[in-house]
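The structure file upload32.json is reproduced below (JSON, C-alpha atoms and all ligand atoms).
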[["chain", "number", "residue", "atom", "x", "y", "z"],
["A", 1, "MET", "CA", 158.36, -97.93, -43.15],
["A", 2, "SER", "CA", 157.93, -98.30, -39.39],
["A", 3, "SER", "CA", 157.40, -95.17, -37.34],
["A", 4, "ARG", "CA", 158.72, -96.86, -34.20],
["A", 5, "VAL", "CA", 161.79, -95.35, -32.65],
["A", 6, "PRO", "CA", 164.17, -98.09, -31.52],
["A", 7, "LEU", "CA", 164.77, -98.15, -27.76],
["A", 8, "THR", "CA", 168.27, -97.78, -26.48],
["A", 9, "TYR", "CA", 168.64, -100.63, -24.07],
["A", 10, "GLY", "CA", 171.92, -100.98, -22.23],
["A", 11, "LYS", "CA", 174.20, -104.00, -22.47],
["A", 12, "LYS", "CA", 173.01, -105.46, -19.18],
["A", 13, "VAL", "CA", 169.33, -105.31, -20.17],
["A", 14, "ILE", "CA", 170.01, -107.12, -23.44],
["A", 15, "GLU", "CA", 172.18, -109.69, -21.67],
["A", 16, "LEU", "CA", 169.52, -110.49, -19.04],
["A", 17, "PHE", "CA", 166.76, -110.48, -21.66],
["A", 18, "ARG", "CA", 168.68, -113.10, -23.62],
["A", 19, "SER", "CA", 169.71, -115.22, -20.61],
["A", 20, "PRO", "CA", 167.57, -114.25, -17.66],
["A", 21, "LYS", "CA", 168.66, -115.40, -14.23],
["A", 22, "ASN", "CA", 166.04, -116.82, -11.86],
["A", 23, "LEU", "CA", 163.43, -117.34, -14.54],
["A", 24, "GLY", "CA", 160.79, -119.90, -13.54],
["A", 25, "LYS", "CA", 158.47, -120.88, -10.76],
["A", 26, "ILE", "CA", 159.21, -122.03, -7.20],
["A", 27, "ASP", "CA", 156.94, -124.90, -6.28],
["A", 28, "ASN", "CA", 155.70, -124.55, -2.71],
["A", 29, "ALA", "CA", 156.86, -120.95, -2.56],
["A", 30, "ASP", "CA", 156.45, -119.29, 0.85],
["A", 31, "ALA", "CA", 155.19, -116.14, -0.82],
["A", 32, "GLU", "CA", 154.08, -115.24, -4.31],
["A", 33, "ALA", "CA", 152.29, -112.56, -6.27],
["A", 34, "LEU", "CA", 150.96, -112.19, -9.76],
["A", 35, "ALA", "CA", 150.64, -108.57, -10.74],
["A", 36, "GLY", "CA", 150.17, -106.51, -13.86],
["A", 37, "SER", "CA", 150.82, -103.01, -15.07],
["A", 38, "LEU", "CA", 147.99, -100.74, -16.11],
["A", 39, "ALA", "CA", 150.45, -98.81, -18.24],
["A", 40, "CYS", "CA", 150.86, -101.72, -20.66],
["A", 41, "GLY", "CA", 148.70, -104.66, -19.47],
["A", 42, "ASP", "CA", 151.75, -106.92, -19.01],
["A", 43, "MET", "CA", 152.02, -109.31, -16.09],
["A", 44, "ILE", "CA", 154.70, -110.73, -13.86],
["A", 45, "ALA", "CA", 154.79, -113.40, -11.16],
["A", 46, "ILE", "CA", 157.28, -113.38, -8.28],
["A", 47, "TYR", "CA", 157.99, -116.39, -6.06],
["A", 48, "LEU", "CA", 159.96, -116.35, -2.80],
["A", 49, "LYS", "CA", 161.38, -119.04, -0.58],
["A", 50, "ILE", "CA", 161.97, -117.71, 2.91],
["A", 51, "ASP", "CA", 163.93, -119.06, 5.85],
["A", 52, "GLU", "CA", 161.35, -118.81, 8.63],
["A", 53, "THR", "CA", 164.01, -118.79, 11.34],
["A", 54, "ASN", "CA", 165.65, -115.53, 10.27],
["A", 55, "GLY", "CA", 163.21, -114.03, 7.74],
["A", 56, "LYS", "CA", 165.79, -114.09, 4.94],
["A", 57, "ILE", "CA", 165.06, -114.77, 1.30],
["A", 58, "VAL", "CA", 166.81, -117.98, 0.30],
["A", 59, "ASP", "CA", 165.47, -118.14, -3.24],
["A", 60, "ALA", "CA", 163.61, -115.84, -5.61],
["A", 61, "LYS", "CA", 162.28, -116.52, -9.08],
["A", 62, "PHE", "CA", 159.99, -114.83, -11.56],
["A", 63, "GLU", "CA", 157.87, -115.39, -14.65],
["A", 64, "SER", "CA", 157.37, -112.40, -16.90],
["A", 65, "TYR", "CA", 154.87, -111.82, -19.67],
["A", 66, "GLY", "CA", 156.33, -108.37, -20.12],
["A", 67, "CYS", "CA", 158.92, -106.70, -22.29],
["A", 68, "ALA", "CA", 162.71, -106.98, -22.35],
["A", 69, "ALA", "CA", 163.02, -104.25, -19.70],
["A", 70, "ASN", "CA", 160.65, -106.07, -17.37],
["A", 71, "ILE", "CA", 162.43, -109.40, -17.82],
["A", 72, "ALA", "CA", 165.78, -107.76, -17.12],
["A", 73, "ALA", "CA", 164.40, -105.81, -14.13],
["A", 74, "ALA", "CA", 162.80, -108.88, -12.56],
["A", 75, "SER", "CA", 165.92, -110.90, -13.20],
["A", 76, "ILE", "CA", 168.26, -108.41, -11.55],
["A", 77, "LEU", "CA", 165.81, -107.73, -8.73],
["A", 78, "THR", "CA", 165.58, -111.42, -7.83],
["A", 79, "GLU", "CA", 169.40, -111.51, -7.82],
["A", 80, "MET", "CA", 169.59, -108.41, -5.60],
["A", 81, "ILE", "CA", 167.22, -109.74, -2.93],
["A", 82, "LYS", "CA", 168.60, -113.25, -2.49],
["A", 83, "GLY", "CA", 170.13, -113.48, 0.99],
["A", 84, "LYS", "CA", 168.45, -110.24, 2.09],
["A", 85, "SER", "CA", 165.95, -109.98, 4.93],
["A", 86, "LEU", "CA", 162.37, -109.28, 3.87],
["A", 87, "GLN", "CA", 162.70, -105.82, 5.38],
["A", 88, "ASP", "CA", 165.76, -105.00, 3.26],
["A", 89, "ALA", "CA", 164.17, -106.51, 0.16],
["A", 90, "TRP", "CA", 161.12, -104.30, 0.75],
["A", 91, "LYS", "CA", 163.35, -101.21, 0.61],
["A", 92, "VAL", "CA", 164.80, -101.94, -2.83],
["A", 93, "SER", "CA", 163.54, -99.20, -5.12],
["A", 94, "TRP", "CA", 162.83, -99.38, -8.84],
["A", 95, "LYS", "CA", 165.50, -96.69, -9.26],
["A", 96, "GLU", "CA", 168.12, -98.99, -7.70],
["A", 97, "VAL", "CA", 166.95, -101.74, -10.03],
["A", 98, "SER", "CA", 167.26, -99.40, -12.98],
["A", 99, "ASP", "CA", 170.74, -98.28, -11.84],
["A", 100, "GLU", "CA", 171.85, -101.92, -11.50],
["A", 101, "LEU", "CA", 170.77, -102.39, -15.11],
["A", 102, "GLY", "CA", 172.79, -99.40, -16.22],
["A", 103, "GLY", "CA", 169.61, -97.32, -16.63],
["A", 104, "LEU", "CA", 166.27, -97.88, -18.33],
["A", 105, "PRO", "CA", 164.79, -95.68, -21.07],
["A", 106, "SER", "CA", 162.23, -93.33, -19.46],
["A", 107, "VAL", "CA", 159.31, -94.93, -21.35],
["A", 108, "LYS", "CA", 160.31, -98.19, -19.65],
["A", 109, "TYR", "CA", 160.42, -96.98, -16.05],
["A", 110, "HIS", "CA", 157.02, -98.56, -15.39],
["A", 111, "CYS", "CA", 158.47, -101.98, -16.29],
["A", 112, "GLY", "CA", 160.94, -101.66, -13.39],
["A", 113, "VAL", "CA", 158.18, -100.33, -11.11],
["A", 114, "LEU", "CA", 156.09, -103.40, -12.00],
["A", 115, "ALA", "CA", 158.88, -105.74, -10.85],
["A", 116, "VAL", "CA", 159.33, -103.91, -7.53],
["A", 117, "GLY", "CA", 155.57, -103.62, -6.96],
["A", 118, "ALA", "CA", 155.09, -107.36, -7.56],
["A", 119, "LEU", "CA", 157.90, -108.15, -5.12],
["A", 120, "ARG", "CA", 156.25, -105.97, -2.47],
["A", 121, "ARG", "CA", 152.94, -107.69, -3.09],
["A", 122, "ALA", "CA", 154.69, -111.05, -2.60],
["A", 123, "ILE", "CA", 156.22, -109.83, 0.68],
["A", 124, "ARG", "CA", 152.78, -108.64, 1.79],
["A", 125, "ASP", "CA", 151.41, -112.06, 0.83],
["A", 126, "TYR", "CA", 153.94, -113.67, 3.17],
["A", 127, "TYR", "CA", 152.53, -111.72, 6.09],
["A", 128, "ALA", "CA", 148.87, -112.24, 5.11],
["A", 129, "ASP", "CA", 148.33, -114.82, 7.86],
["A", 130, "LYS", "CA", 151.12, -113.70, 10.21],
["A", 131, "PRO", "CA", 151.61, -110.80, 12.63],
["A", 132, "LYS", "CA", 152.65, -107.78, 10.55],
["A", 133, "PRO", "CA", 156.09, -106.31, 11.28],
["A", 134, "ASP", "CA", 156.33, -102.58, 12.12],
["A", 135, "TRP", "CA", 158.19, -101.75, 8.90],
["A", 136, "LEU", "CA", 155.38, -103.03, 6.65],
["A", 137, "PRO", "CA", 153.20, -100.03, 5.73],
["A", 138, "GLN", "CA", 149.45, -100.53, 6.12],
["A", 139, "GLU", "CA", 148.70, -98.61, 2.96],
["A", 140, "LEU", "CA", 149.76, -99.95, -0.43],
["A", 141, "THR", "CA", 152.84, -98.15, -1.72],
["A", 142, "ARG", "CA", 152.85, -96.40, -5.10],
["A", 143, "GLU", "CA", 154.74, -99.34, -6.62],
["A", 144, "GLU", "CA", 152.14, -101.84, -5.39],
["A", 145, "LYS", "CA", 149.34, -99.70, -6.75],
["A", 146, "GLN", "CA", 151.05, -99.80, -10.13],
["A", 147, "ALA", "CA", 151.39, -103.57, -9.90],
["A", 148, "LEU", "CA", 147.75, -104.54, -9.69],
["A", 149, "GLU", "CA", 146.53, -108.01, -8.79],
["A", 150, "GLU", "CA", 145.29, -109.96, -11.79],
["A", 151, "GLU", "CA", 141.55, -109.57, -11.13],
["A", 152, "LYS", "CA", 141.83, -105.85, -10.57],
["A", 153, "LEU", "CA", 143.93, -105.38, -13.70],
["A", 154, "MET", "CA", 141.47, -107.38, -15.83],
["A", 155, "GLU", "CA", 138.54, -105.45, -14.40],
["A", 156, "ILE", "CA", 140.07, -102.06, -15.22],
["A", 157, "LEU", "CA", 141.29, -103.15, -18.65],
["A", 158, "SER", "CA", 137.89, -104.55, -19.63],
["A", 159, "ARG", "CA", 136.20, -101.36, -18.41],
["A", 160, "ARG", "CA", 138.62, -99.37, -20.60],
["A", 161, "ALA", "CA", 137.92, -101.64, -23.58],
["A", 162, "GLN", "CA", 134.14, -101.24, -23.14],
["A", 163, "LYS", "CA", 134.54, -97.47, -22.99],
["A", 164, "SER", "CA", 136.65, -97.28, -26.12],
["A", 165, "SER", "CA", 134.31, -99.60, -28.09],
["A", 166, "ALA", "CA", 131.37, -97.41, -27.02],
["A", 167, "ASN", "CA", 133.12, -94.33, -28.43],
["B", 1, "LIG", "FE1", 154.90, -103.84, -20.25],
["B", 1, "LIG", "FE2", 157.46, -103.32, -20.16],
["B", 1, "LIG", "S1", 156.03, -102.59, -21.63],
["B", 1, "LIG", "S2", 156.32, -104.49, -18.80]]

Output the file's structure in the form of structure tokens.
Amino acid sequence: MSSRVPLTYGKKVIELFRSPKNLGKIDNADAEALAGSLACGDMIAIYLKIDETNGKIVDAKFESYGCAANIAAASILTEMIKGKSLQDAWKVSWKEVSDELGGLPSVKYHCGVLAVGALRRAIRDYYADKPKPDWLPQELTREEKQALEEEKLMEILSRRAQKSSAN
């Protein structure tokens, strides 16, 4: 008998898990980020196409190696930011993403945070070789810190694995 307690996902999460919108890669994306969660080791990639003349997001896609909640969160997030300016997209919180999904179970909050953190990393990537706008914080936000770049994630996870095998 399994000791796992089934998660209560809402209708919207299940729907987007089954038929995710904006799943895939944008070739020649103007900004992208691959980031993973330390909470679970799962990864997500976000791709953005940006209209340089007005700084608006014209297309957004994602690839997720995460759970149903992460797929649904990334899917709805990419829907929410299409047509938005980068500044407005930056402001979208994981809570808004969760609300749009009809709520996430509390053990799955980090899956929504991962989607938002990866988006912010992609926005930061866009400005890597451009003058930074005033609204872009110099310090990484909490969401970005929870959506670590691949190398950093691997480094921490392998350190953890070494520690636990030494115990
Ligand atoms: Fe890893 Fe949801 S459990 S992204």

* **Option closest in space to ligand LIG 1 (chain B), from A:Asn28, A:Gln146, A:Thr78, A:Gln138 [counting only C-alpha atoms and all ligand atoms]** =>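 Of A:Asn28, A:Gln146, A:Thr78, A:Gln138, the one nearest ligand LIG 1 (chain B) is A:Gln146, counting only C-alpha atoms and all ligand atoms.
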
Would you mind reading off the distance between atom CA of A:Lys82 and atom CA of A:Thr141, one decimal, in Å?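 For atom CA of A:Lys82 relative to atom CA of A:Thr141, the distance reads 21.8 Å.
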
Taken to one decimal, the atom S1 of ligand LIG 1 (chain B)-atom CA of A:Asp42 distance is 6.6 Å

Of A:Tyr126, A:Tyr65, A:Trp135, A:Trp94, the one nearest to ligand LIG 1 (chain B) when counting all atoms listed in the file is A:Tyr65

- Identify, counting all atoms listed in the file, the protein, DNA and RNA residues located within 6 Å of ligand LIG 1 (chain B), and give them as a list in words. Cys40, Asp42, Gly66, Cys67, Ala69, Asn70, Lys108 and Cys111 of chain A

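Taking all atoms listed in the file into account, A:Val92 lies nearest to A:Ala115 out of the set A:Ile14, A:Met43, A:Leu38, A:Ala115.
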
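Between atom CA of A:Gly10 and atom CA of A:Leu104 the interatomic distance comes to 7.5 Å.
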
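If you count all atoms listed in the file and ignore residues fewer than 6 places along the chain from A:Lys132, what sits within 12 Å of it is Leu86, Gln87, Ile123, Arg124, Asp125, Tyr126 and Gln138 of chain A.
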
Notebook entry, point to check: Excluding same-chain residues fewer than 4 positions from A:Ser106, what lies within 12 Å of it counting all atoms listed in the file, as a PyMOL selection string?
Noted result: chain A and resi 7-9+69+95+98+110-113

In terms of all atoms listed in the file, the residue from A:Lys91, A:Lys130, A:Lys11, A:Arg142 at minimal distance from A:Glu52 is A:Lys130

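When only C-alpha atoms are used to measure the gap to A:Glu79, the shortest distance among A:Ser158, A:Ser93, A:Ala60, A:Leu153 belongs to A:Ala60.
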
One residue among A:Val13, A:Ile156, A:Ala39, A:Ala74 is nearest to A:Val107 when using only C-alpha atoms, and that residue is A:Ala39

- Write out as a count of residues only which residues come within 9 Å of A:Leu16 when counting all atoms listed in the file, dropping same-chain ones fewer than 2 positions away. 14

Review point. Using all atoms listed in the file, what residues lie at most 9 Å away from (161.1, -116.2, -5.6) (file coordinates), given as number ranges by chain?
Key: A: 22, 24-26, 29-32, 45-50, 57-62, 78, 82, 119, 122
